file run.cif (mmCIF, C-alpha atoms and all ligand atoms)
data_query
#
loop_
_atom_site.label_atom_id
_atom_site.label_comp_id
_atom_site.auth_asym_id
_atom_site.auth_seq_id
_atom_site.Cartn_x
_atom_site.Cartn_y
_atom_site.Cartn_z
CA MET Q 11 78.08 115.44 71.57
CA GLU Q 12 74.42 114.99 70.90
CA MET Q 13 71.88 117.19 72.68
CA THR Q 14 69.09 115.08 74.16
CA PHE Q 15 66.14 115.45 76.50
CA ARG Q 16 64.88 113.10 79.18
CA TRP Q 17 61.41 111.73 78.53
CA PHE Q 18 59.58 109.40 80.93
CA GLY Q 19 57.15 107.97 78.40
CA SER Q 20 53.53 108.56 77.44
CA GLY Q 21 51.26 108.36 80.42
CA TYR Q 22 54.04 109.42 82.80
CA ASP Q 23 55.50 112.58 81.34
CA THR Q 24 53.65 115.89 81.05
CA VAL Q 25 56.01 116.77 78.19
CA THR Q 26 55.22 115.30 74.77
CA LEU Q 27 57.57 114.02 72.10
CA LYS Q 28 56.16 116.64 69.76
CA GLN Q 29 57.24 119.38 72.15
CA ILE Q 30 60.69 117.87 72.51
CA ARG Q 31 61.02 117.65 68.74
CA GLN Q 32 60.49 121.41 68.55
CA ILE Q 33 63.35 122.32 70.87
CA PRO Q 34 66.08 123.51 68.51
CA GLY Q 35 69.12 121.29 68.46
CA VAL Q 36 67.57 118.38 70.36
CA THR Q 37 67.66 115.22 68.29
CA GLY Q 38 67.36 112.37 70.76
CA VAL Q 39 65.55 111.33 73.89
CA ILE Q 40 66.78 109.56 76.94
CA THR Q 41 63.98 107.37 78.08
CA THR Q 42 62.99 104.22 79.93
CA LEU Q 43 60.21 101.75 80.50
CA TYR Q 44 58.97 103.64 83.51
CA ASN Q 45 56.57 100.95 84.64
CA LYS Q 46 59.37 98.43 85.22
CA MET Q 47 60.40 97.66 88.77
CA PRO Q 48 64.09 97.10 89.51
CA GLY Q 49 65.01 93.53 88.63
CA GLU Q 50 62.24 93.04 86.09
CA LEU Q 51 63.05 91.79 82.60
CA TRP Q 52 62.47 94.15 79.64
CA THR Q 53 61.32 92.23 76.59
CA GLN Q 54 62.49 93.04 73.10
CA GLU Q 55 58.88 93.69 72.03
CA GLU Q 56 58.40 96.28 74.77
CA ILE Q 57 61.63 98.00 73.84
CA ARG Q 58 60.73 97.97 70.15
CA ALA Q 59 57.32 99.53 70.86
CA LEU Q 60 58.98 102.34 72.80
CA LYS Q 61 61.50 102.85 70.04
CA GLU Q 62 58.82 102.99 67.36
CA GLU Q 63 56.84 105.52 69.35
CA VAL Q 64 59.90 107.77 69.72
CA GLU Q 65 60.91 107.40 66.08
CA ALA Q 66 57.41 108.24 64.85
CA SER Q 67 57.93 111.71 66.34
CA GLY Q 68 61.11 112.32 64.35
CA LEU Q 69 63.42 111.72 67.32
CA HIS Q 70 65.38 108.65 68.31
CA ILE Q 71 66.42 106.92 71.53
CA SER Q 72 69.93 108.04 72.47
CA GLY Q 73 70.10 105.98 75.60
CA ILE Q 74 68.21 104.56 78.55
CA GLU Q 75 67.93 106.24 81.94
CA SER Q 76 67.59 104.04 83.85
CA VAL Q 77 67.61 100.30 83.94
CA ASN Q 78 67.40 100.20 87.71
CA ILE Q 79 69.31 97.73 89.82
CA HIS Q 80 67.51 95.52 92.31
CA ASP Q 81 68.50 95.97 95.96
CA ASP Q 82 69.53 92.30 96.18
CA ILE Q 83 72.30 93.10 93.69
CA LYS Q 84 73.40 96.12 95.70
CA THR Q 85 73.34 94.21 98.99
CA GLY Q 86 74.78 91.06 97.40
CA SER Q 87 72.10 88.87 98.91
CA GLY Q 88 68.88 86.97 98.20
CA ASP Q 89 68.18 86.53 94.53
CA ARG Q 90 70.99 88.66 93.14
CA ASP Q 91 72.04 86.11 90.51
CA LEU Q 92 68.51 85.85 89.23
CA TYR Q 93 68.20 89.63 88.97
CA ILE Q 94 71.58 89.87 87.25
CA GLU Q 95 70.39 87.25 84.78
CA ASN Q 96 67.34 89.44 84.05
CA TYR Q 97 69.60 92.48 83.70
CA ILE Q 98 71.78 90.66 81.19
CA LYS Q 99 68.75 89.64 79.14
CA THR Q 100 67.44 93.20 79.26
CA LEU Q 101 70.80 94.50 77.99
CA GLU Q 102 70.76 91.91 75.25
CA ASN Q 103 67.26 93.00 74.21
CA LEU Q 104 68.32 96.64 74.21
CA GLY Q 105 71.36 95.78 72.12
CA LYS Q 106 69.21 93.92 69.61
CA GLU Q 107 67.12 97.08 69.26
CA ASP Q 108 70.29 99.08 68.60
CA ILE Q 109 70.35 100.94 71.92
CA HIS Q 110 73.89 101.35 73.21
CA MET Q 111 73.94 103.48 76.35
CA VAL Q 112 72.45 102.61 79.72
CA CYS Q 113 72.53 104.90 82.74
CA TYR Q 114 72.05 103.32 86.17
CA ASN Q 115 72.92 104.05 89.76
CA PHE Q 116 74.18 102.09 92.73
CA MET Q 117 72.64 104.18 95.48
CA PRO Q 118 71.17 102.34 98.45
CA VAL Q 119 67.48 102.91 99.28
CA PHE Q 120 67.07 106.45 98.01
CA ASP Q 121 67.96 107.69 94.57
CA TRP Q 122 68.62 111.46 94.58
CA THR Q 123 67.52 113.26 97.72
CA ARG Q 124 66.10 116.79 97.94
CA THR Q 125 64.44 118.29 101.00
CA GLU Q 126 62.21 120.72 99.08
CA LEU Q 127 60.66 120.24 95.67
CA ALA Q 128 59.32 123.76 95.24
CA ARG Q 129 61.41 126.42 96.97
CA VAL Q 130 60.22 129.81 95.78
CA ARG Q 131 62.94 132.07 94.38
CA LYS Q 132 62.92 135.87 94.12
CA ASP Q 133 61.68 135.76 90.52
CA GLY Q 134 58.69 133.59 91.50
CA SER Q 135 60.05 130.42 89.92
CA THR Q 136 60.25 127.31 92.09
CA VAL Q 137 63.19 124.96 92.36
CA MET Q 138 64.25 121.82 94.15
CA ALA Q 139 66.54 122.40 97.10
CA TYR Q 140 68.57 120.59 99.73
CA THR Q 141 69.29 121.52 103.31
CA GLN Q 142 71.50 119.18 105.28
CA ALA Q 143 69.97 120.26 108.60
CA LYS Q 144 66.59 119.02 107.41
CA VAL Q 145 67.96 115.61 106.42
CA ASP Q 146 69.70 115.35 109.78
CA SER Q 147 66.49 116.06 111.63
CA ILE Q 148 64.10 113.79 109.71
CA ASP Q 149 63.36 110.12 110.19
CA PRO Q 150 64.19 108.52 106.78
CA GLU Q 151 60.86 106.70 106.81
CA LYS Q 152 59.16 110.11 106.82
CA MET Q 153 61.22 111.43 103.92
CA PHE Q 154 58.76 110.37 101.24
CA GLU Q 155 55.79 111.69 103.26
CA SER Q 156 57.50 115.03 103.63
CA ILE Q 157 57.86 115.64 99.90
CA LYS Q 158 55.07 113.65 98.28
CA ASP Q 159 52.55 116.49 98.30
CA SER Q 160 54.85 118.61 96.14
CA MET Q 161 55.25 116.02 93.38
CA ASN Q 162 52.46 117.58 91.30
CA GLY Q 163 50.72 114.22 90.97
CA THR Q 164 53.69 112.64 89.18
CA VAL Q 165 55.80 109.63 90.15
CA MET Q 166 59.38 110.79 90.60
CA PRO Q 167 62.21 108.48 89.56
CA GLY Q 168 63.57 106.57 92.53
CA TRP Q 169 60.65 107.68 94.71
CA GLU Q 170 58.06 105.20 93.56
CA PRO Q 171 55.39 104.74 96.28
CA GLU Q 172 55.76 100.91 96.13
CA ARG Q 173 59.43 101.27 97.03
CA MET Q 174 58.93 103.93 99.63
CA ALA Q 175 56.38 101.73 101.43
CA LYS Q 176 59.27 99.36 102.11
CA VAL Q 177 61.82 101.86 103.39
CA LYS Q 178 62.10 100.20 106.79
CA GLU Q 179 62.83 96.78 105.27
CA LEU Q 180 65.30 98.35 102.87
CA PHE Q 181 67.23 100.00 105.69
CA GLU Q 182 67.33 96.63 107.43
CA ALA Q 183 68.74 94.99 104.29
CA TYR Q 184 71.61 97.51 104.17
CA LYS Q 185 72.51 97.40 107.85
CA ASP Q 186 75.71 95.38 107.31
CA ILE Q 187 76.70 97.03 104.04
CA ASP Q 188 79.51 99.52 104.19
CA ASP Q 189 81.34 101.27 101.33
CA GLU Q 190 83.73 98.35 100.80
CA LYS Q 191 80.91 95.81 100.52
CA LEU Q 192 79.04 98.08 98.14
CA PHE Q 193 82.16 98.33 95.98
CA ASP Q 194 82.47 94.51 96.02
CA ASN Q 195 78.84 94.08 95.01
CA LEU Q 196 79.22 96.61 92.21
CA LYS Q 197 82.30 94.78 90.95
CA TYR Q 198 80.47 91.45 91.03
CA PHE Q 199 77.61 92.94 89.02
CA LEU Q 200 79.85 94.66 86.47
CA GLU Q 201 81.96 91.57 85.87
CA LYS Q 202 78.84 89.56 85.12
CA ILE Q 203 77.40 92.07 82.67
CA MET Q 204 80.56 93.07 80.78
CA PRO Q 205 80.40 90.15 78.30
CA VAL Q 206 76.92 91.13 77.06
CA CYS Q 207 77.98 94.81 76.98
CA ASN Q 208 80.93 93.88 74.81
CA GLN Q 209 78.85 91.69 72.57
CA TYR Q 210 76.28 94.42 71.86
CA ASP Q 211 78.53 97.46 72.46
CA ILE Q 212 76.46 98.72 75.36
CA LYS Q 213 78.09 101.53 77.28
CA MET Q 214 77.18 101.39 80.95
CA ALA Q 215 77.17 104.82 82.56
CA ILE Q 216 76.96 104.87 86.33
CA HIS Q 217 75.21 107.90 87.75
CA PRO Q 218 76.79 109.54 90.78
CA ASP Q 219 75.17 109.59 94.18
CA ASP Q 220 73.18 112.71 94.79
CA PRO Q 221 74.06 114.34 97.11
CA ALA Q 222 77.61 113.08 96.87
CA TRP Q 223 77.91 111.92 100.47
CA SER Q 224 76.26 109.49 102.82
CA VAL Q 225 72.68 110.32 103.75
CA PHE Q 226 70.91 108.69 106.70
CA GLY Q 227 74.06 106.70 107.47
CA LEU Q 228 73.78 104.69 104.23
CA PRO Q 229 76.94 103.89 102.26
CA ARG Q 230 77.54 105.99 99.13
CA ILE Q 231 80.46 105.31 96.82
CA ILE Q 232 80.09 107.16 93.51
CA ILE Q 233 80.87 110.53 95.02
CA ASN Q 234 84.26 111.85 93.88
CA LYS Q 235 87.10 111.47 91.38
CA GLU Q 236 89.05 109.01 93.51
CA ASN Q 237 86.11 106.63 93.82
CA ILE Q 238 85.12 106.79 90.15
CA LEU Q 239 88.69 106.07 89.10
CA ARG Q 240 88.64 103.09 91.46
CA MET Q 241 85.31 101.94 90.02
CA MET Q 242 86.62 102.10 86.44
CA LYS Q 243 89.88 100.37 87.32
CA MET Q 244 88.29 97.51 89.22
CA VAL Q 245 86.54 96.43 86.02
CA ASP Q 246 88.80 97.90 83.39
CA ASP Q 247 86.65 97.80 80.29
CA PRO Q 248 85.58 100.84 78.23
CA HIS Q 249 81.98 99.64 78.52
CA ASN Q 250 82.22 100.18 82.26
CA GLY Q 251 81.83 103.93 82.17
CA VAL Q 252 80.31 106.94 83.78
CA THR Q 253 77.53 109.50 83.63
CA PHE Q 254 79.00 112.87 84.50
CA CYS Q 255 76.30 114.73 86.39
CA ALA Q 256 77.27 118.30 87.25
CA GLY Q 257 74.44 118.72 89.73
CA SER Q 258 75.36 115.55 91.65
CA TYR Q 259 79.17 115.73 91.80
CA GLY Q 260 78.72 119.46 92.26
CA THR Q 261 76.84 119.03 95.56
CA ASN Q 262 80.26 118.62 97.14
CA LEU Q 263 82.17 121.85 96.62
CA ALA Q 264 85.44 119.95 97.01
CA ASN Q 265 84.76 118.24 93.67
CA ASP Q 266 86.47 120.08 90.81
CA LEU Q 267 83.98 119.45 87.99
CA PRO Q 268 86.13 120.20 84.90
CA ASP Q 269 88.93 118.14 86.44
CA ILE Q 270 86.59 115.19 87.01
CA ILE Q 271 85.47 115.38 83.38
CA ARG Q 272 89.06 115.44 82.12
CA SER Q 273 89.86 112.35 84.19
CA LEU Q 274 87.06 110.44 82.43
CA LYS Q 275 88.34 110.64 78.86
CA GLY Q 276 87.23 107.54 76.94
CA ARG Q 277 84.97 106.35 79.75
CA LEU Q 278 82.45 109.18 79.82
CA HIS Q 279 79.32 107.93 78.09
CA PHE Q 280 76.64 110.41 79.15
CA ALA Q 281 76.49 113.91 80.59
CA HIS Q 282 73.87 115.71 82.70
CA VAL Q 283 74.70 119.38 82.78
CA ARG Q 284 73.01 121.78 85.16
CA ASN Q 285 73.85 124.39 87.75
CA LEU Q 286 73.40 124.72 91.51
CA LYS Q 287 73.28 127.84 93.61
CA PHE Q 288 74.89 127.42 97.00
CA ASN Q 289 73.57 129.55 99.84
CA SER Q 290 76.03 127.82 102.19
CA PRO Q 291 77.97 124.55 101.78
CA ASP Q 292 74.99 122.78 103.40
CA ASP Q 293 72.21 124.45 101.50
CA PHE Q 294 71.83 124.58 97.76
CA GLU Q 295 69.09 125.04 95.22
CA GLU Q 296 68.79 124.02 91.59
CA SER Q 297 69.15 127.31 89.75
CA ALA Q 298 68.73 128.03 86.05
CA HIS Q 299 71.47 126.53 83.86
CA LEU Q 300 73.29 129.84 83.26
CA SER Q 301 76.63 130.40 85.01
CA SER Q 302 75.35 133.77 86.22
CA ASP Q 303 72.42 132.20 88.08
CA GLY Q 304 74.35 129.57 90.03
CA SER Q 305 77.69 128.65 91.52
CA PHE Q 306 79.29 126.73 88.64
CA ASP Q 307 81.18 127.96 85.59
CA MET Q 308 79.16 126.28 82.86
CA TYR Q 309 81.58 127.38 80.15
CA GLU Q 310 84.41 125.50 81.89
CA ILE Q 311 82.25 122.38 82.18
CA MET Q 312 81.37 122.42 78.47
CA LYS Q 313 84.96 123.24 77.56
CA ALA Q 314 86.21 120.21 79.50
CA LEU Q 315 83.70 118.03 77.62
CA TYR Q 316 84.99 119.47 74.36
CA ASP Q 317 88.61 118.91 75.38
CA ILE Q 318 88.08 115.20 75.99
CA ASP Q 319 86.30 114.83 72.63
CA PHE Q 320 83.08 113.85 74.34
CA ASP Q 321 80.78 112.42 71.69
CA GLY Q 322 78.00 110.86 73.76
CA PRO Q 323 74.55 112.14 74.63
CA ILE Q 324 74.28 115.18 76.86
CA ARG Q 325 71.12 116.55 78.39
CA PRO Q 326 70.00 119.57 80.32
CA ASP Q 327 69.05 118.44 83.77
CA HIS Q 328 66.61 119.54 86.44
CA GLY Q 329 64.98 122.79 85.51
CA ARG Q 330 63.07 125.36 87.50
CA MET Q 331 59.30 125.45 87.33
CA ILE Q 332 58.49 128.61 85.39
CA TRP Q 333 55.68 130.20 83.40
CA ASP Q 334 53.03 128.44 85.53
CA GLU Q 335 53.95 125.01 84.26
CA VAL Q 336 52.72 122.04 86.30
CA ALA Q 337 55.02 119.08 85.79
CA MET Q 338 57.26 116.63 87.58
CA PRO Q 339 59.58 118.74 89.76
CA GLY Q 340 62.81 119.29 87.84
CA TYR Q 341 61.37 117.83 84.65
CA GLY Q 342 59.16 120.46 83.11
CA LEU Q 343 59.50 121.52 79.49
CA TYR Q 344 60.28 125.21 79.61
CA ASP Q 345 63.34 125.60 81.76
CA ARG Q 346 65.00 122.47 80.46
CA ALA Q 347 64.42 123.72 76.90
CA LEU Q 348 66.12 126.99 77.89
CA GLY Q 349 68.91 124.90 79.38
CA ALA Q 350 69.38 122.88 76.18
CA THR Q 351 69.53 126.04 74.11
CA TYR Q 352 72.05 127.65 76.43
CA LEU Q 353 74.28 124.56 76.44
CA ASN Q 354 74.09 124.38 72.66
CA GLY Q 355 75.09 128.05 72.51
CA LEU Q 356 78.11 127.47 74.73
CA TRP Q 357 79.09 124.48 72.61
CA GLU Q 358 78.85 126.37 69.33
CA ALA Q 359 80.97 129.20 70.75
CA ILE Q 360 83.59 126.75 72.01
CA VAL Q 361 83.77 124.82 68.74
CA LYS Q 362 84.04 127.98 66.61
CA GLY Q 363 86.48 129.59 69.01
CA GLU Q 364 88.76 126.54 68.86
CA MET Q 365 88.56 126.37 65.05
CA LYS Q 366 89.82 129.93 64.78
CA LYS Q 367 92.94 129.19 66.87
C1 LIG X 1 67.41 112.54 88.93
C2 LIG X 1 68.19 111.64 88.11
C3 LIG X 1 68.42 110.31 88.77
C4 LIG X 1 69.09 109.38 87.79
C5 LIG X 1 69.35 108.02 88.34
C6 LIG X 1 70.12 107.19 87.35
O1 LIG X 1 66.85 113.47 88.42
O2 LIG X 1 69.35 112.22 87.67
O3 LIG X 1 67.20 109.76 89.19
O4 LIG X 1 68.27 109.23 86.68
O5 LIG X 1 70.04 108.08 89.53
O6 LIG X 1 69.90 105.85 87.61
#
call {"tool": "encode", "arguments": {"input": "run.cif", "output": "structure tokens"}}
result
Amino acid sequence: MEMTFRWFGSGYDTVTLKQIRQIPGVTGVITTLYNKMPGELWTQEEIRALKEEVEASGLHISGIESVNIHDDIKTGSGDRDLYIENYIKTLENLGKEDIHMVCYNFMPVFDWTRTELARVRKDGSTVMAYTQAKVDSIDPEKMFESIKDSMNGTVMPGWEPERMAKVKELFEAYKDIDDEKLFDNLKYFLEKIMPVCNQYDIKMAIHPDDPAWSVFGLPRIIINKENILRMMKMVDDPHNGVTFCAGSYGTNLANDLPDIIRSLKGRLHFAHVRNLKFNSPDDFEESAHLSSDGSFDMYEIMKALYDIDFDGPIRPDHGRMIWDEVAMPGYGLYDRALGATYLNGLWEAIVKGEMKK
């Protein structure tokens, strides 16, 4: 595996490439052209400029998170073929710049959903948190309003104000879409892009829905082992793969995380590893990465990755806000750097322990 760090780009991220370069063991960044709206074409020149900027810092681009999918593709309506055409050209341009992993999601309307962006913990750190009762009691159109003041002046991925202004229209567009239709539309999209992925060896890595169940009555399909196996089988190509995200699959306590990882051998292209602390099955918060701070056994997660010979990029995921940092919730420097170091420590122990056997 390669330890990486998510970086949103100059002008968007409070964390600099120089800082990332100084985190021990981190060699690559996972980045994006953050100004691009879903459906927009990424030119080769724009990608090259991003790549040169990253490489000038001594790091390299290990993958893209995300090239976002236009809602017409997800709903299978309007201009979907045009947007797929743009997606194919974008993949081609990425391939020409030697970038071979793309993370994306197929979540309707909202990307990841949290009800609090700064819940205060006993130690004074703040974390993102989710309470089902709050989601059940809020009008989805008010969701953005309810969290925007805690975004620390940043634009959070999937919660861009331009998109959120259109929430009502978006809900309307999804009114006839159920899980089966969403699966069909995903299949249609994947079949169209597989040739370019094969040509340039681009590994597509679908990100799970977070939380891993339906919110606001919207369909959600990338939620458990059964559905991911179905997704991989319906377009049976190694380039049609998966992002394992512990914090997303882990929202549903019925998901056995190491077992999910083991079922993805050969199709797992990217891993987000973090911990959650459950206060009840309907209320969780994003704890520090350590097993002892949350509800997951992080050793078992890393061991499962080792056992399937995972050799893709891995990154620490949402961190707490600590040491008075002001950054995008979940994406500060300090706690994610601690997370990277901890995950690297687990990995070293696993590798050396296995060698001694
Ligand atoms: C949240 C992220 C997601 C993820 C997208 C992938 O922090 O994990 O926004 O990047 O769903 O497309």
call {"tool": "closest_residue", "arguments": {"input": "run.cif", "among": "Q:Pro229, Q:Pro118, Q:Gly349, Q:Pro268", "to": "ligand LIG 1 (chain X)", "atoms": "all atoms listed in the file"}}
result
Q:Pro118
call {"tool": "residues_near_ligand", "arguments": {"input": "run.cif", "ligand": "ligand LIG 1 (chain X)", "cutoff": "9 Å", "atoms": "all atoms listed in the file", "output": "JSON, numbers by chain"}}
result
{"Q": [75, 76, 77, 78, 79, 112, 113, 114, 115, 116, 117, 121, 122, 123, 166, 167, 168, 169, 215, 216, 217, 218, 219, 220, 253, 255, 257, 258, 282, 327, 328, 340, 341]}
call {"tool": "residues_around", "arguments": {"input": "run.cif", "residues": "Ala350 of chain Q", "least_positions_apart": "4", "cutoff": "9 Å", "atoms": "all atoms listed in the file", "output": "ChimeraX atom specification"}}
result
/Q:13-15,33-36,299,325-327,345-346,354-355
call {"tool": "write_last_selection", "arguments": {"input": "run.cif", "atoms": "C-alpha atoms", "output": "PDB file, in the coordinates of the input"}}
result
ATOM      1  CA  MET Q  13      71.880 117.190  72.680  1.00  0.00           C
ATOM      2  CA  THR Q  14      69.090 115.080  74.160  1.00  0.00           C
ATOM      3  CA  PHE Q  15      66.140 115.450  76.500  1.00  0.00           C
ATOM      4  CA  ILE Q  33      63.350 122.320  70.870  1.00  0.00           C
ATOM      5  CA  PRO Q  34      66.080 123.510  68.510  1.00  0.00           C
ATOM      6  CA  GLY Q  35      69.120 121.290  68.460  1.00  0.00           C
ATOM      7  CA  VAL Q  36      67.570 118.380  70.360  1.00  0.00           C
ATOM      8  CA  HIS Q 299      71.470 126.530  83.860  1.00  0.00           C
ATOM      9  CA  ARG Q 325      71.120 116.550  78.390  1.00  0.00           C
ATOM     10  CA  PRO Q 326      70.000 119.570  80.320  1.00  0.00           C
ATOM     11  CA  ASP Q 327      69.050 118.440  83.770  1.00  0.00           C
ATOM     12  CA  ASP Q 345      63.340 125.600  81.760  1.00  0.00           C
ATOM     13  CA  ARG Q 346      65.000 122.470  80.460  1.00  0.00           C
ATOM     14  CA  ASN Q 354      74.090 124.380  72.660  1.00  0.00           C
ATOM     15  CA  GLY Q 355      75.090 128.050  72.510  1.00  0.00           C
TER      16      GLY Q 355
END
call {"tool": "closest_residue", "arguments": {"input": "run.cif", "among": "Q:Arg173, Q:Arg240, Q:Arg284, Q:His279", "to": "Tyr259 of chain Q", "atoms": "only C-alpha atoms"}}
result
Q:Arg284
call {"tool": "residues_near_point", "arguments": {"input": "run.cif", "point": "(66.1, 100.1, 104.9)", "cutoff": "12 Å", "atoms": "all atoms listed in the file", "output": "PyMOL selection string"}}
result
chain Q and resi 81+85+118-120+149-151+173-187+226-229
call {"tool": "write_last_selection", "arguments": {"input": "run.cif", "atoms": "C-alpha atoms", "output": "compact mmCIF listing (two decimals), keeping the file's coordinate frame"}}
result
# COMPACT_ATOMS: atom_id res chain seq x y z
CA ASP Q 81 68.50 95.97 95.96
CA THR Q 85 73.34 94.21 98.99
CA PRO Q 118 71.17 102.34 98.45
CA VAL Q 119 67.48 102.91 99.28
CA PHE Q 120 67.07 106.45 98.01
CA ASP Q 149 63.36 110.12 110.19
CA PRO Q 150 64.19 108.52 106.78
CA GLU Q 151 60.86 106.70 106.81
CA ARG Q 173 59.43 101.27 97.03
CA MET Q 174 58.93 103.93 99.63
CA ALA Q 175 56.38 101.73 101.43
CA LYS Q 176 59.27 99.36 102.11
CA VAL Q 177 61.82 101.86 103.39
CA LYS Q 178 62.10 100.20 106.79
CA GLU Q 179 62.83 96.78 105.27
CA LEU Q 180 65.30 98.35 102.87
CA PHE Q 181 67.23 100.00 105.69
CA GLU Q 182 67.33 96.63 107.43
CA ALA Q 183 68.74 94.99 104.29
CA TYR Q 184 71.61 97.51 104.17
CA LYS Q 185 72.51 97.40 107.85
CA ASP Q 186 75.71 95.38 107.31
CA ILE Q 187 76.70 97.03 104.04
CA PHE Q 226 70.91 108.69 106.70
CA GLY Q 227 74.06 106.70 107.47
CA LEU Q 228 73.78 104.69 104.23
CA PRO Q 229 76.94 103.89 102.26
call {"tool": "residues_around", "arguments": {"input": "run.cif", "residues": "Met312 of chain Q", "least_positions_apart": "6", "cutoff": "9 Å", "atoms": "only C-alpha atoms", "output": "list in words"}}
result
Pro268, Val283, Leu353, Leu356, Trp357 and Ile360 of chain Q
call {"tool": "build_atoms", "arguments": {"input": "run.cif", "residues": "segment 126-138 of chain Q", "atoms": "N, CA and C atoms", "output": "PDB file, in the frame of the given file"}}
result
ATOM      1  N   GLU Q 126      63.353 119.917  99.540  1.00  0.00           N
ATOM      2  CA  GLU Q 126      62.210 120.720  99.080  1.00  0.00           C
ATOM      3  C   GLU Q 126      62.071 120.532  97.587  1.00  0.00           C
ATOM      4  N   LEU Q 127      60.861 120.396  97.122  1.00  0.00           N
ATOM      5  CA  LEU Q 127      60.660 120.240  95.670  1.00  0.00           C
ATOM      6  C   LEU Q 127      60.214 121.545  95.029  1.00  0.00           C
ATOM      7  N   ALA Q 128      59.809 122.500  95.831  1.00  0.00           N
ATOM      8  CA  ALA Q 128      59.320 123.760  95.240  1.00  0.00           C
ATOM      9  C   ALA Q 128      59.686 124.960  96.113  1.00  0.00           C
ATOM     10  N   ARG Q 129      60.979 125.212  96.244  1.00  0.00           N
ATOM     11  CA  ARG Q 129      61.410 126.420  96.970  1.00  0.00           C
ATOM     12  C   ARG Q 129      61.177 127.623  96.061  1.00  0.00           C
ATOM     13  N   VAL Q 130      60.539 128.641  96.597  1.00  0.00           N
ATOM     14  CA  VAL Q 130      60.220 129.810  95.780  1.00  0.00           C
ATOM     15  C   VAL Q 130      61.436 130.745  95.733  1.00  0.00           C
ATOM     16  N   ARG Q 131      61.814 131.121  94.529  1.00  0.00           N
ATOM     17  CA  ARG Q 131      62.940 132.070  94.380  1.00  0.00           C
ATOM     18  C   ARG Q 131      62.402 133.486  94.182  1.00  0.00           C
ATOM     19  N   LYS Q 132      63.324 134.441  94.194  1.00  0.00           N
ATOM     20  CA  LYS Q 132      62.920 135.870  94.120  1.00  0.00           C
ATOM     21  C   LYS Q 132      62.083 136.166  92.884  1.00  0.00           C
ATOM     22  N   ASP Q 133      62.402 135.469  91.771  1.00  0.00           N
ATOM     23  CA  ASP Q 133      61.680 135.760  90.520  1.00  0.00           C
ATOM     24  C   ASP Q 133      60.349 135.015  90.435  1.00  0.00           C
ATOM     25  N   GLY Q 134      59.979 134.292  91.503  1.00  0.00           N
ATOM     26  CA  GLY Q 134      58.690 133.590  91.500  1.00  0.00           C
ATOM     27  C   GLY Q 134      58.765 132.189  90.944  1.00  0.00           C
ATOM     28  N   SER Q 135      59.912 131.802  90.385  1.00  0.00           N
ATOM     29  CA  SER Q 135      60.050 130.420  89.920  1.00  0.00           C
ATOM     30  C   SER Q 135      60.217 129.519  91.142  1.00  0.00           C
ATOM     31  N   THR Q 136      59.979 128.218  90.976  1.00  0.00           N
ATOM     32  CA  THR Q 136      60.250 127.310  92.090  1.00  0.00           C
ATOM     33  C   THR Q 136      61.305 126.301  91.664  1.00  0.00           C
ATOM     34  N   VAL Q 137      62.076 125.872  92.648  1.00  0.00           N
ATOM     35  CA  VAL Q 137      63.190 124.960  92.360  1.00  0.00           C
ATOM     36  C   VAL Q 137      63.291 123.905  93.451  1.00  0.00           C
ATOM     37  N   MET Q 138      63.978 122.814  93.118  1.00  0.00           N
ATOM     38  CA  MET Q 138      64.250 121.820  94.150  1.00  0.00           C
ATOM     39  C   MET Q 138      65.467 122.284  94.954  1.00  0.00           C
TER      40      MET Q 138
END
